[in-house]
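Coordinates as given in target-v8.pdb (PDB, C-alpha atoms and all ligand atoms):
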```
MODEL        1
ATOM      1  CA  MET A   1     -63.770  52.369  65.427  1.00  0.00           C
ATOM      2  CA  LEU A   2     -65.579  55.684  64.943  1.00  0.00           C
ATOM      3  CA  GLU A   3     -63.231  58.075  66.687  1.00  0.00           C
ATOM      4  CA  THR A   4     -62.875  61.812  67.275  1.00  0.00           C
ATOM      5  CA  THR A   5     -59.396  63.271  67.390  1.00  0.00           C
ATOM      6  CA  LEU A   6     -57.984  66.719  68.132  1.00  0.00           C
ATOM      7  CA  VAL A   7     -56.156  68.651  65.434  1.00  0.00           C
ATOM      8  CA  LEU A   8     -54.546  72.063  66.021  1.00  0.00           C
ATOM      9  CA  VAL A   9     -53.170  74.235  63.277  1.00  0.00           C
ATOM     10  CA  LYS A  10     -50.410  75.621  65.469  1.00  0.00           C
ATOM     11  CA  PRO A  11     -49.433  79.337  65.441  1.00  0.00           C
ATOM     12  CA  ASP A  12     -46.767  78.772  62.760  1.00  0.00           C
ATOM     13  CA  GLY A  13     -49.394  77.158  60.493  1.00  0.00           C
ATOM     14  CA  VAL A  14     -51.841  80.036  61.028  1.00  0.00           C
ATOM     15  CA  GLN A  15     -49.092  82.629  60.466  1.00  0.00           C
ATOM     16  CA  ARG A  16     -48.032  80.934  57.246  1.00  0.00           C
ATOM     17  CA  GLY A  17     -51.579  80.974  55.882  1.00  0.00           C
ATOM     18  CA  LEU A  18     -51.879  77.189  55.755  1.00  0.00           C
ATOM     19  CA  VAL A  19     -55.178  76.825  57.644  1.00  0.00           C
ATOM     20  CA  GLY A  20     -57.281  76.186  54.525  1.00  0.00           C
ATOM     21  CA  GLU A  21     -54.730  73.810  53.015  1.00  0.00           C
ATOM     22  CA  ILE A  22     -54.538  71.779  56.229  1.00  0.00           C
ATOM     23  CA  ILE A  23     -58.303  71.590  56.755  1.00  0.00           C
ATOM     24  CA  SER A  24     -58.808  70.493  53.153  1.00  0.00           C
ATOM     25  CA  ARG A  25     -56.522  67.471  53.633  1.00  0.00           C
ATOM     26  CA  PHE A  26     -58.917  66.076  56.225  1.00  0.00           C
ATOM     27  CA  GLU A  27     -62.043  67.032  54.290  1.00  0.00           C
ATOM     28  CA  LYS A  28     -60.707  65.390  51.123  1.00  0.00           C
ATOM     29  CA  ILE A  29     -60.122  62.057  52.837  1.00  0.00           C
ATOM     30  CA  GLY A  30     -63.738  62.136  54.029  1.00  0.00           C
ATOM     31  CA  MET A  31     -63.244  63.033  57.679  1.00  0.00           C
ATOM     32  CA  LYS A  32     -65.961  65.075  59.381  1.00  0.00           C
ATOM     33  CA  ILE A  33     -65.203  68.304  61.254  1.00  0.00           C
ATOM     34  CA  THR A  34     -67.432  68.256  64.339  1.00  0.00           C
ATOM     35  CA  GLY A  35     -65.898  71.221  66.184  1.00  0.00           C
ATOM     36  CA  MET A  36     -63.742  74.187  65.200  1.00  0.00           C
ATOM     37  CA  LYS A  37     -62.533  77.394  66.831  1.00  0.00           C
ATOM     38  CA  MET A  38     -59.692  79.917  66.914  1.00  0.00           C
ATOM     39  CA  PHE A  39     -58.049  80.174  70.313  1.00  0.00           C
ATOM     40  CA  TRP A  40     -54.957  81.896  71.743  1.00  0.00           C
ATOM     41  CA  VAL A  41     -53.236  79.486  74.131  1.00  0.00           C
ATOM     42  CA  ASP A  42     -51.699  81.016  77.287  1.00  0.00           C
ATOM     43  CA  LYS A  43     -48.903  79.496  79.393  1.00  0.00           C
ATOM     44  CA  ASP A  44     -51.277  77.768  81.838  1.00  0.00           C
ATOM     45  CA  PHE A  45     -53.293  76.149  79.074  1.00  0.00           C
ATOM     46  CA  ALA A  46     -50.075  75.144  77.269  1.00  0.00           C
ATOM     47  CA  LYS A  47     -49.003  73.265  80.399  1.00  0.00           C
ATOM     48  CA  LYS A  48     -52.327  71.407  80.438  1.00  0.00           C
ATOM     49  CA  HIS A  49     -52.234  70.521  76.762  1.00  0.00           C
ATOM     50  CA  TYR A  50     -48.551  69.535  76.784  1.00  0.00           C
ATOM     51  CA  SER A  51     -48.501  68.131  80.348  1.00  0.00           C
ATOM     52  CA  ALA A  52     -46.505  65.094  79.157  1.00  0.00           C
ATOM     53  CA  HIS A  53     -43.682  67.375  77.986  1.00  0.00           C
ATOM     54  CA  VAL A  54     -43.433  69.817  80.918  1.00  0.00           C
ATOM     55  CA  GLY A  55     -39.884  69.576  82.306  1.00  0.00           C
ATOM     56  CA  LYS A  56     -38.315  68.298  79.079  1.00  0.00           C
ATOM     57  CA  SER A  57     -35.352  70.179  77.609  1.00  0.00           C
ATOM     58  CA  PHE A  58     -37.410  71.514  74.687  1.00  0.00           C
ATOM     59  CA  TYR A  59     -40.458  72.506  76.772  1.00  0.00           C
ATOM     60  CA  SER A  60     -39.702  76.229  76.973  1.00  0.00           C
ATOM     61  CA  GLY A  61     -39.297  76.387  73.177  1.00  0.00           C
ATOM     62  CA  LEU A  62     -42.460  74.368  72.708  1.00  0.00           C
ATOM     63  CA  GLU A  63     -44.393  76.673  75.052  1.00  0.00           C
ATOM     64  CA  LYS A  64     -43.071  79.753  73.253  1.00  0.00           C
ATOM     65  CA  ASN A  65     -44.204  78.324  69.894  1.00  0.00           C
ATOM     66  CA  ILE A  66     -47.705  77.333  70.974  1.00  0.00           C
ATOM     67  CA  THR A  67     -48.402  80.666  72.745  1.00  0.00           C
ATOM     68  CA  GLU A  68     -47.030  83.053  70.101  1.00  0.00           C
ATOM     69  CA  GLY A  69     -50.282  83.439  68.171  1.00  0.00           C
ATOM     70  CA  PRO A  70     -53.742  81.924  67.835  1.00  0.00           C
ATOM     71  CA  VAL A  71     -54.299  78.294  66.867  1.00  0.00           C
ATOM     72  CA  VAL A  72     -57.207  76.785  64.956  1.00  0.00           C
ATOM     73  CA  ALA A  73     -58.547  73.829  66.924  1.00  0.00           C
ATOM     74  CA  MET A  74     -60.627  71.116  65.311  1.00  0.00           C
ATOM     75  CA  ALA A  75     -62.435  68.000  66.441  1.00  0.00           C
ATOM     76  CA  ILE A  76     -62.268  65.552  63.554  1.00  0.00           C
ATOM     77  CA  GLU A  77     -64.434  62.460  63.357  1.00  0.00           C
ATOM     78  CA  GLY A  78     -63.995  59.368  61.229  1.00  0.00           C
ATOM     79  CA  LEU A  79     -63.280  55.650  61.206  1.00  0.00           C
ATOM     80  CA  HIS A  80     -59.845  55.139  62.782  1.00  0.00           C
ATOM     81  CA  ALA A  81     -59.563  58.929  62.853  1.00  0.00           C
ATOM     82  CA  VAL A  82     -56.689  58.996  65.365  1.00  0.00           C
ATOM     83  CA  GLU A  83     -54.428  56.740  63.313  1.00  0.00           C
ATOM     84  CA  ILE A  84     -55.364  58.125  59.892  1.00  0.00           C
ATOM     85  CA  VAL A  85     -55.012  61.762  60.925  1.00  0.00           C
ATOM     86  CA  ARG A  86     -51.532  61.038  62.345  1.00  0.00           C
ATOM     87  CA  LYS A  87     -50.605  59.345  59.057  1.00  0.00           C
ATOM     88  CA  ILE A  88     -51.604  62.477  57.121  1.00  0.00           C
ATOM     89  CA  VAL A  89     -49.786  64.737  59.606  1.00  0.00           C
ATOM     90  CA  GLY A  90     -46.475  62.809  59.407  1.00  0.00           C
ATOM     91  CA  GLY A  91     -43.770  62.343  62.046  1.00  0.00           C
ATOM     92  CA  THR A  92     -42.726  64.876  64.655  1.00  0.00           C
ATOM     93  CA  GLU A  93     -39.653  65.914  62.686  1.00  0.00           C
ATOM     94  CA  PRO A  94     -40.574  67.518  59.336  1.00  0.00           C
ATOM     95  CA  ARG A  95     -37.136  66.762  57.878  1.00  0.00           C
ATOM     96  CA  THR A  96     -37.801  63.013  57.922  1.00  0.00           C
ATOM     97  CA  SER A  97     -41.574  63.156  57.322  1.00  0.00           C
ATOM     98  CA  PRO A  98     -42.276  61.837  53.831  1.00  0.00           C
ATOM     99  CA  PRO A  99     -43.588  64.015  50.994  1.00  0.00           C
ATOM    100  CA  GLY A 100     -47.374  63.906  50.966  1.00  0.00           C
ATOM    101  CA  THR A 101     -47.624  64.394  54.707  1.00  0.00           C
ATOM    102  CA  ILE A 102     -48.491  67.864  56.002  1.00  0.00           C
ATOM    103  CA  ARG A 103     -45.257  68.207  57.956  1.00  0.00           C
ATOM    104  CA  GLY A 104     -43.188  66.727  55.118  1.00  0.00           C
ATOM    105  CA  ASP A 105     -44.720  69.013  52.500  1.00  0.00           C
ATOM    106  CA  TYR A 106     -44.724  72.330  54.343  1.00  0.00           C
ATOM    107  CA  SER A 107     -41.963  72.387  56.951  1.00  0.00           C
ATOM    108  CA  HIS A 108     -38.318  71.398  57.245  1.00  0.00           C
ATOM    109  CA  HIS A 109     -37.241  71.673  60.911  1.00  0.00           C
ATOM    110  CA  SER A 110     -35.036  68.953  62.429  1.00  0.00           C
ATOM    111  CA  TYR A 111     -34.446  67.743  65.995  1.00  0.00           C
ATOM    112  CA  GLU A 112     -30.717  68.271  65.509  1.00  0.00           C
ATOM    113  CA  TYR A 113     -31.063  71.948  64.599  1.00  0.00           C
ATOM    114  CA  CYS A 114     -33.793  72.810  67.115  1.00  0.00           C
ATOM    115  CA  ASN A 115     -32.175  71.015  70.045  1.00  0.00           C
ATOM    116  CA  SER A 116     -28.822  72.676  69.378  1.00  0.00           C
ATOM    117  CA  LYS A 117     -30.572  76.077  69.479  1.00  0.00           C
ATOM    118  CA  GLY A 118     -32.821  75.123  72.445  1.00  0.00           C
ATOM    119  CA  ILE A 119     -35.971  75.841  70.456  1.00  0.00           C
ATOM    120  CA  GLY A 120     -39.118  73.843  69.768  1.00  0.00           C
ATOM    121  CA  ILE A 121     -39.678  72.247  66.377  1.00  0.00           C
ATOM    122  CA  LYS A 122     -42.107  74.246  64.240  1.00  0.00           C
ATOM    123  CA  ASN A 123     -44.112  71.544  62.552  1.00  0.00           C
ATOM    124  CA  LEU A 124     -47.387  73.397  61.844  1.00  0.00           C
ATOM    125  CA  ILE A 125     -49.878  70.989  63.329  1.00  0.00           C
ATOM    126  CA  HIS A 126     -50.780  68.954  66.389  1.00  0.00           C
ATOM    127  CA  ALA A 127     -52.789  65.741  66.273  1.00  0.00           C
ATOM    128  CA  SER A 128     -53.652  63.436  69.168  1.00  0.00           C
ATOM    129  CA  GLY A 129     -51.150  60.584  69.422  1.00  0.00           C
ATOM    130  CA  ASN A 130     -53.479  57.784  70.518  1.00  0.00           C
ATOM    131  CA  ILE A 131     -57.104  57.100  71.451  1.00  0.00           C
ATOM    132  CA  ALA A 132     -56.693  57.902  75.156  1.00  0.00           C
ATOM    133  CA  GLU A 133     -54.902  61.164  74.325  1.00  0.00           C
ATOM    134  CA  ALA A 134     -57.639  62.045  71.822  1.00  0.00           C
ATOM    135  CA  LYS A 135     -60.362  61.562  74.449  1.00  0.00           C
ATOM    136  CA  SER A 136     -58.653  63.717  77.059  1.00  0.00           C
ATOM    137  CA  GLU A 137     -57.622  66.397  74.544  1.00  0.00           C
ATOM    138  CA  ILE A 138     -61.129  66.742  73.091  1.00  0.00           C
ATOM    139  CA  LYS A 139     -62.424  67.171  76.658  1.00  0.00           C
ATOM    140  CA  LEU A 140     -59.774  69.796  77.383  1.00  0.00           C
ATOM    141  CA  TRP A 141     -60.375  71.797  74.204  1.00  0.00           C
ATOM    142  CA  PHE A 142     -64.125  71.583  73.556  1.00  0.00           C
ATOM    143  CA  LYS A 143     -67.230  72.051  75.672  1.00  0.00           C
ATOM    144  CA  LYS A 144     -70.046  69.606  74.887  1.00  0.00           C
ATOM    145  CA  ASP A 145     -72.121  72.246  73.109  1.00  0.00           C
ATOM    146  CA  GLU A 146     -69.157  73.130  70.857  1.00  0.00           C
ATOM    147  CA  LEU A 147     -69.231  69.642  69.325  1.00  0.00           C
ATOM    148  CA  HIS A 148     -71.804  69.060  66.603  1.00  0.00           C
ATOM    149  CA  SER A 149     -73.503  65.935  65.350  1.00  0.00           C
ATOM    150  CA  TYR A 150     -74.656  66.139  61.731  1.00  0.00           C
ATOM    151  CA  LYS A 151     -74.758  64.087  58.547  1.00  0.00           C
ATOM    152  CA  THR A 152     -72.479  64.686  55.600  1.00  0.00           C
ATOM    153  CA  VAL A 153     -73.943  64.748  52.099  1.00  0.00           C
ATOM    154  CA  HIS A 154     -72.602  61.206  51.588  1.00  0.00           C
ATOM    155  CA  GLU A 155     -74.339  59.914  54.700  1.00  0.00           C
ATOM    156  CA  ILE A 156     -77.611  61.599  53.727  1.00  0.00           C
ATOM    157  CA  HIS A 157     -77.533  60.152  50.203  1.00  0.00           C
ATOM    158  CA  THR A 158     -76.806  56.606  51.300  1.00  0.00           C
ATOM    159  CA  MET A 159     -79.578  56.421  53.917  1.00  0.00           C
TER     160      MET A 159
HETATM  161  P1  LIG B 201     -46.044  65.130  68.086  1.00  0.00           P
HETATM  162  O1  LIG B 201     -46.510  66.559  67.905  1.00  0.00           O
HETATM  163  O2  LIG B 201     -45.556  64.543  66.791  1.00  0.00           O
HETATM  164  O3  LIG B 201     -47.062  64.255  68.784  1.00  0.00           O
HETATM  165  P2  LIG B 201     -44.576  65.170  70.601  1.00  0.00           P
HETATM  166  O4  LIG B 201     -43.458  64.238  70.935  1.00  0.00           O
HETATM  167  O5  LIG B 201     -45.884  64.963  71.290  1.00  0.00           O
HETATM  168  O6  LIG B 201     -44.733  65.172  69.017  1.00  0.00           O
HETATM  169  O7  LIG B 201     -44.037  66.648  70.912  1.00  0.00           O
HETATM  170  C1  LIG B 201     -44.914  67.759  70.918  1.00  0.00           C
HETATM  171  C2  LIG B 201     -44.276  68.890  70.127  1.00  0.00           C
HETATM  172  O8  LIG B 201     -43.079  69.312  70.788  1.00  0.00           O
HETATM  173  C3  LIG B 201     -43.814  68.501  68.723  1.00  0.00           C
HETATM  174  O9  LIG B 201     -44.850  68.576  67.753  1.00  0.00           O
HETATM  175  C4  LIG B 201     -42.732  69.513  68.472  1.00  0.00           C
HETATM  176  O10 LIG B 201     -43.264  70.769  68.086  1.00  0.00           O
HETATM  177  C5  LIG B 201     -42.080  69.652  69.827  1.00  0.00           C
HETATM  178  N1  LIG B 201     -40.935  68.732  70.035  1.00  0.00           N
HETATM  179  C6  LIG B 201     -40.970  67.405  70.288  1.00  0.00           C
HETATM  180  N2  LIG B 201     -39.740  66.877  70.459  1.00  0.00           N
HETATM  181  C7  LIG B 201     -38.896  67.922  70.325  1.00  0.00           C
HETATM  182  C8  LIG B 201     -37.456  68.040  70.397  1.00  0.00           C
HETATM  183  O11 LIG B 201     -36.704  67.081  70.628  1.00  0.00           O
HETATM  184  N3  LIG B 201     -36.944  69.279  70.171  1.00  0.00           N
HETATM  185  C9  LIG B 201     -37.702  70.379  69.938  1.00  0.00           C
HETATM  186  N4  LIG B 201     -39.052  70.320  69.867  1.00  0.00           N
HETATM  187  C10 LIG B 201     -39.636  69.114  70.055  1.00  0.00           C
HETATM  188 MG    MG B 202     -47.742  64.233  70.743  1.00  0.00          MG
ENDMDL
END
```

Is it possible to give me this structure as structure tokens?
Amino acid sequence: MLETTLVLVKPDGVQRGLVGEIISRFEKIGMKITGMKMFWVDKDFAKKHYSAHVGKSFYSGLEKNITEGPVVAMAIEGLHAVEIVRKIVGGTEPRTSPPGTIRGDYSHHSYEYCNSKGIGIKNLIHASGNIAEAKSEIKLWFKKDELHSYKTVHEIHTM
């Protein structure tokens, strides 16, 4: 039940100055940041991270988006972290993501528009889609010594 999931503030989120806003969503719900770094993804690394999408019609647009500036990568720990983080992030398409979700509040791209232009959807943030994906993505993005084990103030006060 205690899970660690990968969150990326993608280049469009960094460029729009939404890093602090996005991090605070996860802090406010009580999730613990156990790893964090800024990293500029190149084409080879993009293919590793998005291996499931290589060859799809939108892949070139997706690769262009994820390599156009640095990302902020985070390992986020919490009970049911994978599912809860995805709930806060919203659906892939910002247009249909409800208000209150990160994608619904701060972006408006649609599949229809992006696919007609052959571009990737700019939806600000990546979050692992399931537990297996979270495990492999954390391994891909973080070395062991970049992940930190510590107690939050709440954990310290209740022990
Ligand atoms: P997710 O980020 O919600 O998990 P995925 O299906 O894993 O969505 O796709 C990865 C990323 O690729 C999306 O966040 C989005 O930026 C982009 N993407 C996905 N499907 C499309 C599409 O049909 N057109 C354009 N871009 C897409
Ligand atoms: Mg995905």

How would you report the residues lying within 6 Å of ligand LIG 201 (chain B), as a PDB file with C-alpha atoms, in the coordinates of the input, if you count all atoms listed in the file?
```pdb
ATOM      1  CA  PHE A  58     -37.410  71.514  74.687  1.00  0.00           C
ATOM      2  CA  LEU A  62     -42.460  74.368  72.708  1.00  0.00           C
ATOM      3  CA  GLY A  91     -43.770  62.343  62.046  1.00  0.00           C
ATOM      4  CA  THR A  92     -42.726  64.876  64.655  1.00  0.00           C
ATOM      5  CA  TYR A 111     -34.446  67.743  65.995  1.00  0.00           C
ATOM      6  CA  CYS A 114     -33.793  72.810  67.115  1.00  0.00           C
ATOM      7  CA  ASN A 115     -32.175  71.015  70.045  1.00  0.00           C
ATOM      8  CA  ILE A 119     -35.971  75.841  70.456  1.00  0.00           C
ATOM      9  CA  GLY A 120     -39.118  73.843  69.768  1.00  0.00           C
ATOM     10  CA  ILE A 121     -39.678  72.247  66.377  1.00  0.00           C
ATOM     11  CA  LYS A 122     -42.107  74.246  64.240  1.00  0.00           C
ATOM     12  CA  ASN A 123     -44.112  71.544  62.552  1.00  0.00           C
ATOM     13  CA  HIS A 126     -50.780  68.954  66.389  1.00  0.00           C
ATOM     14  CA  GLY A 129     -51.150  60.584  69.422  1.00  0.00           C
TER      15      GLY A 129
END
```

request  = Please extract the residues at most 12 Å from ligand MG 202 (chain B), counting all atoms listed in the file, and provide them as number ranges by chain, using the chain letters and residue numbers of this document.
outcome  = A: 6-8, 49-53, 62, 82, 86, 89-93, 123, 125-134, 137

Writing out the chosen residues with C-alpha atoms as a compact mmCIF listing (two decimals), in the coordinates of the input:
```txt
# COMPACT_ATOMS: atom_id res chain seq x y z
CA LEU A 6 -57.98 66.72 68.13
CA VAL A 7 -56.16 68.65 65.43
CA LEU A 8 -54.55 72.06 66.02
CA HIS A 49 -52.23 70.52 76.76
CA TYR A 50 -48.55 69.54 76.78
CA SER A 51 -48.50 68.13 80.35
CA ALA A 52 -46.50 65.09 79.16
CA HIS A 53 -43.68 67.38 77.99
CA LEU A 62 -42.46 74.37 72.71
CA VAL A 82 -56.69 59.00 65.36
CA ARG A 86 -51.53 61.04 62.34
CA VAL A 89 -49.79 64.74 59.61
CA GLY A 90 -46.48 62.81 59.41
CA GLY A 91 -43.77 62.34 62.05
CA THR A 92 -42.73 64.88 64.66
CA GLU A 93 -39.65 65.91 62.69
CA ASN A 123 -44.11 71.54 62.55
CA ILE A 125 -49.88 70.99 63.33
CA HIS A 126 -50.78 68.95 66.39
CA ALA A 127 -52.79 65.74 66.27
CA SER A 128 -53.65 63.44 69.17
CA GLY A 129 -51.15 60.58 69.42
CA ASN A 130 -53.48 57.78 70.52
CA ILE A 131 -57.10 57.10 71.45
CA ALA A 132 -56.69 57.90 75.16
CA GLU A 133 -54.90 61.16 74.32
CA ALA A 134 -57.64 62.04 71.82
CA GLU A 137 -57.62 66.40 74.54
```

Kindly resolve the PyMOL selection byres (((chain A and resi 67) around 12) and not hetatm) on the present coordinates and return the residues as a PDB file with C-alpha atoms, in the coordinates of the input.
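The resulting file, expr_4.pdb, is shown below:
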```pdb
ATOM      1  CA  LYS A  10     -50.410  75.621  65.469  1.00  0.00           C
ATOM      2  CA  PRO A  11     -49.433  79.337  65.441  1.00  0.00           C
ATOM      3  CA  ASP A  12     -46.767  78.772  62.760  1.00  0.00           C
ATOM      4  CA  PHE A  39     -58.049  80.174  70.313  1.00  0.00           C
ATOM      5  CA  TRP A  40     -54.957  81.896  71.743  1.00  0.00           C
ATOM      6  CA  VAL A  41     -53.236  79.486  74.131  1.00  0.00           C
ATOM      7  CA  ASP A  42     -51.699  81.016  77.287  1.00  0.00           C
ATOM      8  CA  LYS A  43     -48.903  79.496  79.393  1.00  0.00           C
ATOM      9  CA  ASP A  44     -51.277  77.768  81.838  1.00  0.00           C
ATOM     10  CA  PHE A  45     -53.293  76.149  79.074  1.00  0.00           C
ATOM     11  CA  ALA A  46     -50.075  75.144  77.269  1.00  0.00           C
ATOM     12  CA  LYS A  47     -49.003  73.265  80.399  1.00  0.00           C
ATOM     13  CA  HIS A  49     -52.234  70.521  76.762  1.00  0.00           C
ATOM     14  CA  TYR A  50     -48.551  69.535  76.784  1.00  0.00           C
ATOM     15  CA  SER A  60     -39.702  76.229  76.973  1.00  0.00           C
ATOM     16  CA  GLY A  61     -39.297  76.387  73.177  1.00  0.00           C
ATOM     17  CA  LEU A  62     -42.460  74.368  72.708  1.00  0.00           C
ATOM     18  CA  GLU A  63     -44.393  76.673  75.052  1.00  0.00           C
ATOM     19  CA  LYS A  64     -43.071  79.753  73.253  1.00  0.00           C
ATOM     20  CA  ASN A  65     -44.204  78.324  69.894  1.00  0.00           C
ATOM     21  CA  ILE A  66     -47.705  77.333  70.974  1.00  0.00           C
ATOM     22  CA  GLU A  68     -47.030  83.053  70.101  1.00  0.00           C
ATOM     23  CA  GLY A  69     -50.282  83.439  68.171  1.00  0.00           C
ATOM     24  CA  PRO A  70     -53.742  81.924  67.835  1.00  0.00           C
ATOM     25  CA  VAL A  71     -54.299  78.294  66.867  1.00  0.00           C
ATOM     26  CA  GLY A 120     -39.118  73.843  69.768  1.00  0.00           C
TER      27      GLY A 120
END
```

inquiry  = Please report the interatomic distance between CA of Arg16 (chain A) and CA of Thr101 (chain A) in Å with one decimal.
reply    = 16.7 Å

query = If you measure from CA of Glu3 (chain A) to CA of Ile29 (chain A), what distance in Å do you get, rounded to one decimal?
reply = 14.7 Å

Kindly compute an axis-aligned box around the listed atoms of region 132-146 of chain A, allowing 3 Å on each side, and express its centre and edge lengths in Å to one decimal as JSON.
```
{"center_x": -63.5, "center_y": 65.5, "center_z": 74.1, "size_x": 23.2, "size_y": 21.2, "size_z": 12.5}
```

Written as an mmCIF file with C-alpha atoms, in the coordinates of the input, what is the full residue list that the PyMOL selection byres (((chain A and resi 25) around 12) and not hetatm) yields on the file shown?
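Here's the written file part03.cif:
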```
data_model
loop_
_atom_site.group_PDB
_atom_site.id
_atom_site.type_symbol
_atom_site.label_atom_id
_atom_site.label_comp_id
_atom_site.auth_asym_id
_atom_site.auth_seq_id
_atom_site.Cartn_x
_atom_site.Cartn_y
_atom_site.Cartn_z
ATOM 1 C CA VAL A 7 -56.156 68.651 65.434
ATOM 2 C CA LEU A 18 -51.879 77.189 55.755
ATOM 3 C CA VAL A 19 -55.178 76.825 57.644
ATOM 4 C CA GLY A 20 -57.281 76.186 54.525
ATOM 5 C CA GLU A 21 -54.730 73.810 53.015
ATOM 6 C CA ILE A 22 -54.538 71.779 56.229
ATOM 7 C CA ILE A 23 -58.303 71.590 56.755
ATOM 8 C CA SER A 24 -58.808 70.493 53.153
ATOM 9 C CA PHE A 26 -58.917 66.076 56.225
ATOM 10 C CA GLU A 27 -62.043 67.032 54.290
ATOM 11 C CA LYS A 28 -60.707 65.390 51.123
ATOM 12 C CA ILE A 29 -60.122 62.057 52.837
ATOM 13 C CA GLY A 30 -63.738 62.136 54.029
ATOM 14 C CA MET A 31 -63.244 63.033 57.679
ATOM 15 C CA LYS A 32 -65.961 65.075 59.381
ATOM 16 C CA ILE A 33 -65.203 68.304 61.254
ATOM 17 C CA ILE A 76 -62.268 65.552 63.554
ATOM 18 C CA ILE A 84 -55.364 58.125 59.892
ATOM 19 C CA VAL A 85 -55.012 61.762 60.925
ATOM 20 C CA ARG A 86 -51.532 61.038 62.345
ATOM 21 C CA LYS A 87 -50.605 59.345 59.057
ATOM 22 C CA ILE A 88 -51.604 62.477 57.121
ATOM 23 C CA VAL A 89 -49.786 64.737 59.606
ATOM 24 C CA GLY A 100 -47.374 63.906 50.966
ATOM 25 C CA THR A 101 -47.624 64.394 54.707
ATOM 26 C CA ILE A 102 -48.491 67.864 56.002
ATOM 27 C CA ASP A 105 -44.720 69.013 52.500
#
```

request  = Excluding Leu140 (chain A) and any residue of its chain fewer than 4 positions from it, enumerate the residues within 9 Å of it, using only C-alpha atoms, and give them as a VMD selection string.
outcome  = chain A and resid 48 to 49 135 to 136

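Counting all atoms listed in the file, the residue from A:Gly118, A:His154, A:Arg95, A:Thr5 that sits nearest to Ser57 (chain A) is A:Gly118.
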
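Straight-line separation from CA of Thr4 (chain A) to CA of Phe142 (chain A): 11.7 Å.
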